[in-house]
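Trainee: This is the content of work20.txt (compact mmCIF, C-alpha atoms):
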# COMPACT_ATOMS: atom_id res chain seq x y z
CA MET I 1470 -20.41 16.11 2.64
CA GLN I 1471 -17.38 14.44 1.10
CA THR I 1472 -17.78 10.76 0.29
CA THR I 1473 -14.88 8.64 1.45
CA TRP I 1474 -13.40 5.45 0.07
CA LEU I 1475 -14.91 3.41 2.87
CA GLN I 1476 -18.41 4.90 2.60
CA LYS I 1477 -18.91 3.75 -1.00
CA PRO I 1478 -17.08 0.41 -1.56
CA GLU I 1479 -18.84 -0.06 -4.90
CA ASP I 1480 -17.08 3.09 -6.13
CA LYS I 1481 -13.73 1.55 -5.26
CA ILE I 1482 -14.52 -1.70 -7.10
CA TYR I 1483 -15.68 0.08 -10.26
CA PHE I 1484 -12.80 2.56 -10.17
CA ASN I 1485 -10.18 -0.17 -9.70
CA ALA I 1486 -11.50 -2.23 -12.62
CA ALA I 1487 -11.73 0.76 -14.97
CA THR I 1488 -8.31 2.09 -13.96
CA PHE I 1489 -6.67 -1.32 -14.36
CA ARG I 1490 -7.86 -1.46 -17.97
CA LEU I 1491 -6.46 2.02 -18.62
CA LEU I 1492 -3.09 1.11 -17.12
CA LEU I 1493 -2.90 -2.04 -19.25
CA ASP I 1494 -3.62 0.10 -22.30
CA CYS I 1495 -0.75 2.41 -21.29
CA LEU I 1496 1.69 -0.50 -21.09
CA SER I 1497 0.53 -2.13 -24.33
CA ARG I 1498 0.98 1.16 -26.24
CA PRO I 1499 4.00 2.82 -24.61
CA GLY I 1500 4.09 6.60 -24.77
CA LYS I 1501 0.46 7.01 -25.78
CA ILE I 1502 -1.10 9.59 -23.48
CA ILE I 1503 -4.23 8.28 -21.77
CA GLN I 1504 -6.56 10.20 -19.46
CA LEU I 1505 -7.03 8.57 -16.06
CA THR I 1506 -10.35 8.77 -14.23
CA SER I 1507 -10.55 11.16 -11.29
CA PRO I 1508 -10.96 9.33 -7.94
CA GLU I 1509 -13.55 11.81 -6.70
CA PHE I 1510 -14.48 9.61 -3.73
CA LEU I 1511 -10.89 9.72 -2.43
CA GLU I 1512 -10.49 12.25 0.36
CA LYS I 1513 -7.41 14.45 0.65
CA PRO I 1514 -4.40 12.43 1.86
CA PRO I 1515 -1.89 13.71 4.43
CA SER I 1516 1.30 15.28 3.11
CA PRO I 1517 4.27 12.90 2.87
CA TYR I 1518 6.73 15.71 2.37
CA HIS I 1519 9.42 17.21 4.49
CA PRO I 1520 8.44 20.57 6.06
CA GLU I 1521 9.78 22.61 3.14
CA PHE I 1522 7.43 20.76 0.77
CA ALA I 1523 4.43 20.63 3.10
CA GLY I 1524 2.33 22.88 0.88
CA VAL I 1525 2.73 20.75 -2.26
CA PRO I 1526 -0.39 18.62 -2.88
CA LEU I 1527 -0.24 14.98 -3.91
CA ASN I 1528 -1.32 14.05 -7.43
CA SER I 1529 -4.73 12.49 -6.78
CA PHE I 1530 -4.91 10.86 -10.24
CA ALA I 1531 -1.59 9.08 -9.69
CA LEU I 1532 -2.51 8.16 -6.13
CA GLY I 1533 -5.84 6.68 -7.24
CA ALA I 1534 -4.14 4.61 -9.95
CA PHE I 1535 -1.51 3.44 -7.46
CA LEU I 1536 -4.16 2.38 -4.95
CA SER I 1537 -6.04 0.47 -7.66
CA LEU I 1538 -3.13 -2.00 -7.86
CA LEU I 1539 -2.75 -2.53 -4.11
CA ASP I 1540 -4.34 -5.13 -1.87
CA GLY I 1541 -3.40 -7.20 1.14
CA GLU I 1542 -0.95 -9.29 -0.91
CA VAL I 1543 0.86 -6.38 -2.59
CA SER I 1544 3.45 -4.38 -0.64
CA PHE I 1545 4.48 -0.82 -1.46
CA ALA I 1546 7.07 1.90 -0.89
CA VAL I 1547 6.71 5.69 -1.14
CA GLY I 1548 9.42 8.21 -2.04
CA ALA I 1549 9.22 11.96 -1.44
CA GLY I 1550 11.81 14.69 -1.24
CA GLU I 1551 14.46 12.20 -2.46
CA ASN I 1552 13.92 9.99 0.60
CA TRP I 1553 11.89 6.88 1.34
CA ILE I 1554 8.88 7.38 3.63
CA ALA I 1555 9.14 5.63 7.02
CA PRO I 1556 6.59 2.92 8.02
CA ASP I 1557 5.19 5.12 10.80
CA ALA I 1558 4.56 8.08 8.47
CA GLU I 1559 0.97 9.27 8.32
CA ILE I 1560 0.74 8.75 4.55
CA ALA I 1561 1.80 5.09 4.99
CA ARG I 1562 -1.00 4.49 7.51
CA TRP I 1563 -3.45 6.33 5.25
CA LEU I 1564 -2.62 4.06 2.30
CA THR I 1565 -2.77 0.88 4.38
CA LEU I 1566 -6.21 1.79 5.71
CA ARG I 1567 -7.57 2.13 2.17
CA CYS I 1568 -6.10 -0.95 0.52
CA GLY I 1569 -5.04 -3.40 3.23
CA SER I 1570 -1.49 -3.34 1.89
CA ARG I 1571 1.61 -2.49 3.90
CA LEU I 1572 4.65 -0.32 3.43
CA THR I 1573 7.86 -2.35 3.23
CA ALA I 1574 11.55 -1.94 2.43
CA PRO I 1575 12.04 -0.64 -1.14
CA GLY I 1576 13.88 -3.78 -2.25
CA ALA I 1577 10.87 -5.92 -1.30
CA ALA I 1578 8.11 -3.60 -2.58
CA ALA I 1579 5.93 -4.71 -5.49
CA GLN I 1580 4.72 -1.14 -6.13
CA ALA I 1581 6.45 2.20 -5.60
CA PHE I 1582 5.03 5.72 -5.65
CA PHE I 1583 7.22 8.78 -6.18
CA CYS I 1584 5.54 12.04 -5.25
CA GLU I 1585 7.61 14.02 -7.74
CA GLY I 1586 10.03 13.48 -10.61
CA THR I 1587 13.04 14.58 -8.55
CA SER I 1588 13.16 11.36 -6.50
CA VAL I 1589 14.18 9.23 -9.50
CA ASN I 1590 17.55 8.26 -8.00
CA LEU I 1591 15.66 6.06 -5.52
CA ILE I 1592 14.59 3.72 -8.32
CA ARG I 1593 17.86 1.79 -7.97
CA ASP I 1594 16.70 0.53 -4.57
CA LEU I 1595 13.72 -1.30 -6.08
CA HIS I 1596 13.49 -4.99 -6.99
CA GLN I 1597 14.22 -5.59 -10.67
CA GLY I 1598 13.13 -9.23 -10.73
CA THR I 1599 15.27 -12.30 -11.37
CA LEU I 1600 16.00 -14.32 -14.50
CA LEU I 1601 13.75 -17.08 -13.17
CA GLU I 1602 11.01 -14.67 -12.05
CA PRO I 1603 11.29 -11.37 -13.96
CA GLU I 1604 7.63 -10.63 -13.17
CA LEU I 1605 8.61 -9.96 -9.55
CA SER I 1606 10.08 -6.59 -10.50
CA ALA I 1607 8.49 -3.44 -9.07
CA THR I 1608 5.95 -1.23 -10.82
CA VAL I 1609 6.65 2.49 -10.38
CA PHE I 1610 4.44 5.59 -10.48
CA TYR I 1611 6.05 9.01 -10.95
CA CYS I 1612 4.18 12.28 -10.50
CA VAL I 1613 5.26 14.86 -13.10
CA GLU I 1614 3.97 18.31 -13.96
CA LYS I 1615 2.82 17.83 -17.55
CA LEU I 1616 2.80 15.31 -20.41
CA ALA I 1617 2.17 16.15 -24.07
CA GLN I 1618 2.54 14.67 -27.55
CA ILE I 1619 3.15 18.17 -28.97
CA PRO I 1620 5.17 20.71 -26.92
CA ASN I 1621 2.79 23.63 -27.38
CA GLN I 1622 2.18 24.34 -23.71
CA GLU I 1623 4.05 27.01 -21.81
CA GLY I 1624 7.14 25.72 -20.06
CA PHE I 1625 8.04 22.78 -22.32
CA GLU I 1626 10.54 24.66 -24.44
CA GLU I 1627 12.44 25.94 -21.41
CA GLN I 1628 12.28 23.04 -18.97
CA GLY I 1629 10.76 20.01 -20.67
CA LEU I 1630 12.32 16.79 -21.95
CA GLU I 1631 11.65 15.36 -25.39
CA LEU I 1632 11.68 11.57 -25.24
CA GLU I 1633 11.91 9.20 -28.19
CA LEU I 1634 10.49 5.77 -27.45
CA LYS I 1635 11.05 2.54 -29.35
CA GLY I 1636 10.09 -1.08 -28.76
CA PRO I 1637 7.08 -3.44 -28.74
CA GLY I 1638 3.74 -1.65 -29.10
CA ILE I 1639 5.31 1.25 -31.03
CA LEU I 1640 5.39 1.58 -34.81
CA ASN I 1641 8.87 2.93 -35.65
CA PHE I 1642 9.07 5.39 -32.75
CA ARG I 1643 6.91 7.68 -30.62
CA ARG I 1644 7.79 11.05 -29.12
CA VAL I 1645 6.45 12.38 -25.85
CA PHE I 1646 7.27 15.57 -23.95
CA VAL I 1647 7.64 15.57 -20.17
CA LEU I 1648 7.73 18.53 -17.79
CA GLY I 1649 8.75 17.91 -14.19
CA MET I 1650 11.54 15.35 -14.60
CA ALA I 1651 15.26 15.95 -15.14
CA ARG I 1652 17.36 14.31 -17.85
CA ASP I 1653 19.28 12.48 -15.10
CA GLY I 1654 15.98 10.95 -14.01
CA ILE I 1655 15.49 9.29 -17.38
CA ALA I 1656 19.02 7.91 -17.11
CA GLU I 1657 18.18 6.44 -13.70
CA ILE I 1658 15.11 4.71 -15.15
CA ALA I 1659 17.29 3.24 -17.92
CA VAL I 1660 19.77 1.89 -15.34
CA ALA I 1661 16.93 0.05 -13.58
CA ARG I 1662 15.86 -1.71 -16.80
CA HIS I 1663 17.80 -4.43 -18.62
CA TYR I 1664 15.26 -6.71 -20.24
CA PRO I 1665 13.98 -9.21 -19.23
CA LEU I 1666 14.68 -7.62 -15.86
CA GLY I 1667 13.73 -4.12 -14.80
CA VAL I 1668 10.91 -1.98 -13.48
CA ASP I 1669 7.79 -0.93 -15.36
CA VAL I 1670 7.06 2.80 -15.10
CA PHE I 1671 4.01 5.05 -15.28
CA LEU I 1672 4.28 8.83 -15.53
CA VAL I 1673 1.17 10.73 -14.41
CA ASP I 1674 0.76 14.50 -14.65
CA ARG I 1675 -1.40 16.90 -12.65
CA SER I 1676 -4.26 16.70 -15.16
CA GLY I 1677 -4.41 12.91 -14.96
CA PHE I 1678 -2.64 12.26 -18.26
CA CYS I 1679 -0.65 9.04 -18.06
CA ILE I 1680 1.91 7.18 -20.16
CA GLY I 1681 3.30 3.68 -19.64
CA LEU I 1682 6.98 2.83 -20.06
CA PRO I 1683 7.32 -0.95 -19.75
CA ARG I 1684 10.76 -2.50 -19.36
CA THR I 1685 10.73 -3.43 -23.08
CA THR I 1686 10.66 0.26 -24.11
CA LYS I 1687 13.91 1.97 -25.03
CA ILE I 1688 13.99 5.63 -23.95
CA GLU I 1689 16.22 8.28 -25.45
CA VAL I 1690 16.28 11.98 -24.58
CA THR I 1691 16.48 13.55 -28.04
CA THR I 1692 16.58 17.18 -26.90
CA LEU I 1693 18.49 18.44 -23.87
CA ARG I 1694 16.86 21.26 -21.99
CA SER I 1695 17.58 22.82 -18.64
CA ARG I 1696 16.18 21.30 -15.47
Take the structure in the file and give it back as structure tokens.

Mentor:
Amino acid sequence: MQTTWLQKPEDKIYFNAATFRLLLDCLSRPGKIIQLTSPEFLEKPPSPYHPEFAGVPLNSFALGAFLSLLDGEVSFAVGAGENWIAPDAEIARWLTLRCGSRLTAPGAAAQAFFCEGTSVNLIRDLHQGTLLEPELSATVFYCVEKLAQIPNQEGFEEQGLELELKGPGILNFRRVFVLGMARDGIAEIAVARHYPLGVDVFLVDRSGFCIGLPRTTKIEVTTLRSR
């Protein structure tokens, strides 16, 4: 019998605390790949996708990390298929039931979850903070196919992006390879970041590998590959 989030509240508390520490580590050392813990107690969520994407599963690692930052005081938005999910969508109700949070307009959301790397253009709709309160900017989770420090996996050479990262928490520079996000997507992230304003970003792949890209990190695509 599958154990649900509500059946074992102690699992949720432990998972949230452990995941929060991992996410802080990601932001303090941008581009370092960190393995997230599997939320094994989290049952399968409903699909947020349009009919043509109905068979694509959600990234449970990314969803668990996203939920770990939500509570009754933290609003959220969800993007899928290059569109924002409506408040009456089943996935919105599913998330609210498990964290007490609520789906809101993108410009007012504290957290945003993108079900795939192709919805990056939506990032411009999110709150980027103000000069008086830059901490009010949104935190964003993107689901990608694969992350690696060395591009030795199949698919990276043909479709991956090589990113060069610079900024606080990085000695000189750090390179990371991303599969499942277009070059234009990285440009959209850059547009939504102009320190001290801008969104903080997490990329999470299907294996639960995660990197943090805080607003202080400069991102450059050093190698152009096809989509």

Trainee: Could you state the separation of atom CA of Ala1617 of chain I and atom CA of Ile1655 of chain I in Å, given to one decimal place?

Mentor: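 According to the coordinates, atom CA of Ala1617 of chain I and atom CA of Ile1655 of chain I are separated by 16.4 Å.
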
Trainee: Have a look at I:Phe1582, I:Phe1535, I:Phe1510, I:Tyr1611 and name the one nearest to Arg1675 of chain I; count all atoms listed in the file.

Mentor: I:Tyr1611

Trainee: Would you please work out which residue, of I:Ile1592, I:Ala1607, I:Ile1680, I:Ala1561, is nearest to Gly1654 of chain I when using only C-alpha atoms?

Mentor: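 Among the listed residues, I:Ile1592 lies closest to Gly1654 of chain I.
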
Trainee: Around all listed atoms of segment 1589-1606 of chain I, padded 5 Å per side, what centre and edge lengths does the axis-aligned box have in Å to one decimal, as AutoDock Vina command-line options?

Mentor:
--center_x 12.7 --center_y -3.9 --center_z -9.5 --size_x 20.2 --size_y 36.3 --size_z 19.9

Trainee: List the spatial neighbours of Ile1502 of chain I as a PyMOL selection string - criterion: any atom at most 10 Å away, all atoms listed in the file, same-chain residues fewer than 4 positions off excluded.

Mentor: chain I and resi 1494-1495+1498+1616-1618+1645+1672-1673+1677-1681

Trainee: Between I:Lys1615, I:Lys1501, I:His1596, I:Arg1567, which one has atoms that come closest to Leu1682 of chain I, using all atoms listed in the file?

Mentor: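 Closest residue, counting all atoms listed in the file: I:Lys1501.
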
Trainee: Report the distance between atom CA of Asp1674 of chain I and atom CA of Gly1629 of chain I in Å, rounded to one decimal place.

Mentor: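 Taking atom CA of Asp1674 of chain I and atom CA of Gly1629 of chain I, their separation equals 12.9 Å.
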
Trainee: Atom CA of Ala1661 of chain I and atom CA of Leu1634 of chain I, how far apart in Å?

Mentor: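 Straight-line distance from atom CA of Leu1634 of chain I to atom CA of Ala1661 of chain I works out to 16.3 Å.
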
Trainee: For Cys1584 of chain I, find every residue with an atom within 7 Å (counting all atoms listed in the file), except residues of its own chain fewer than 5 positions away, and show them as a list in words.

Mentor: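 The filter keeps Leu1527, Gly1548, Ala1549, Tyr1611 and Cys1612 of chain I.
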
Trainee: Using all atoms listed in the file, which residue out of I:Val1660, I:Leu1648, I:Leu1538, I:Leu1632 lies closest to Gly1500 of chain I?

Mentor: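 Using all atoms listed in the file, the shortest distance to Gly1500 of chain I belongs to I:Leu1632.
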
Trainee: Quick one: residues within 8 Å of Ser1570 of chain I, only C-alpha atoms counted, chain neighbours fewer than 3 positions away excluded, as a PDB file with C-alpha atoms, keeping the file's coordinate frame?

Mentor:
ATOM      1  CA  LEU I1539      -2.750  -2.530  -4.110  1.00  0.00           C
ATOM      2  CA  ASP I1540      -4.340  -5.130  -1.870  1.00  0.00           C
ATOM      3  CA  GLY I1541      -3.400  -7.200   1.140  1.00  0.00           C
ATOM      4  CA  GLU I1542      -0.950  -9.290  -0.910  1.00  0.00           C
ATOM      5  CA  VAL I1543       0.860  -6.380  -2.590  1.00  0.00           C
ATOM      6  CA  SER I1544       3.450  -4.380  -0.640  1.00  0.00           C
ATOM      7  CA  PHE I1545       4.480  -0.820  -1.460  1.00  0.00           C
ATOM      8  CA  LEU I1564      -2.620   4.060   2.300  1.00  0.00           C
ATOM      9  CA  THR I1565      -2.770   0.880   4.380  1.00  0.00           C
ATOM     10  CA  LEU I1566      -6.210   1.790   5.710  1.00  0.00           C
TER      11      LEU I1566
END

Trainee: Could you list as a list in words every residue that has an atom within 8 Å of (10.4, -1.7, -26.8), using the file's coordinates and counting only C-alpha atoms?

Mentor: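 Checking each residue against the 8 Å limit leaves Leu1634, Lys1635, Gly1636, Pro1637, Gly1638, Ile1639, Pro1683, Arg1684, Thr1685, Thr1686 and Lys1687 of chain I.
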
Trainee: Pick the closest to Ala1578 of chain I from I:Ile1619, I:Leu1601, I:Val1547, I:Ile1560: which is it, counting all atoms listed in the file?

Mentor: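 Among the listed residues, I:Val1547 lies closest to Ala1578 of chain I.
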
Trainee: Take segment 1644-1662 of chain I from the preceding structure and save N, CA and C atoms as a CSV table (one decimal), in the first residue's frame.

Mentor:
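As written to disk, part16.csv reads:
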chain,number,residue,atom,x,y,z
I,1644,ARG,N,31.7,25.2,-15.1
I,1644,ARG,CA,30.9,24.7,-16.2
I,1644,ARG,C,29.9,23.6,-15.9
I,1645,VAL,N,28.7,23.7,-16.5
I,1645,VAL,CA,27.7,22.7,-16.3
I,1645,VAL,C,27.0,22.5,-17.6
I,1646,PHE,N,26.6,21.2,-17.8
I,1646,PHE,CA,26.0,20.9,-19.1
I,1646,PHE,C,24.5,20.5,-18.8
I,1647,VAL,N,23.6,21.1,-19.6
I,1647,VAL,CA,22.2,20.9,-19.4
I,1647,VAL,C,21.5,20.4,-20.7
I,1648,LEU,N,20.7,19.3,-20.5
I,1648,LEU,CA,19.9,18.8,-21.6
I,1648,LEU,C,18.5,19.0,-21.3
I,1649,GLY,N,17.7,19.5,-22.2
I,1649,GLY,CA,16.3,19.7,-22.0
I,1649,GLY,C,15.9,21.2,-21.8
I,1650,MET,N,16.8,22.1,-22.2
I,1650,MET,CA,16.5,23.5,-22.2
I,1650,MET,C,17.2,24.2,-23.4
I,1651,ALA,N,16.5,25.1,-24.1
I,1651,ALA,CA,17.0,25.7,-25.3
I,1651,ALA,C,17.9,26.9,-24.9
I,1652,ARG,N,18.7,27.3,-25.8
I,1652,ARG,CA,19.6,28.5,-25.6
I,1652,ARG,C,18.7,29.7,-25.3
I,1653,ASP,N,17.6,29.9,-26.0
I,1653,ASP,CA,16.7,31.0,-25.8
I,1653,ASP,C,16.2,31.0,-24.3
I,1654,GLY,N,16.1,29.8,-23.7
I,1654,GLY,CA,15.6,29.7,-22.3
I,1654,GLY,C,16.6,30.4,-21.4
I,1655,ILE,N,17.9,30.2,-21.6
I,1655,ILE,CA,18.9,30.8,-20.8
I,1655,ILE,C,18.9,32.3,-20.9
I,1656,ALA,N,18.6,32.8,-22.1
I,1656,ALA,CA,18.5,34.2,-22.4
I,1656,ALA,C,17.3,34.8,-21.6
I,1657,GLU,N,16.2,34.0,-21.5
I,1657,GLU,CA,15.1,34.5,-20.8
I,1657,GLU,C,15.4,34.6,-19.3
I,1658,ILE,N,16.1,33.6,-18.8
I,1658,ILE,CA,16.5,33.7,-17.4
I,1658,ILE,C,17.3,34.9,-17.1
I,1659,ALA,N,18.3,35.2,-18.0
I,1659,ALA,CA,19.1,36.4,-17.9
I,1659,ALA,C,18.3,37.7,-17.9
I,1660,VAL,N,17.3,37.8,-18.7
I,1660,VAL,CA,16.5,39.0,-18.8
I,1660,VAL,C,15.7,39.2,-17.4
I,1661,ALA,N,15.4,38.1,-16.7
I,1661,ALA,CA,14.7,38.2,-15.5
I,1661,ALA,C,15.6,38.4,-14.3
I,1662,ARG,N,16.9,38.7,-14.5
I,1662,ARG,CA,17.8,38.9,-13.4
I,1662,ARG,C,18.7,40.1,-13.7
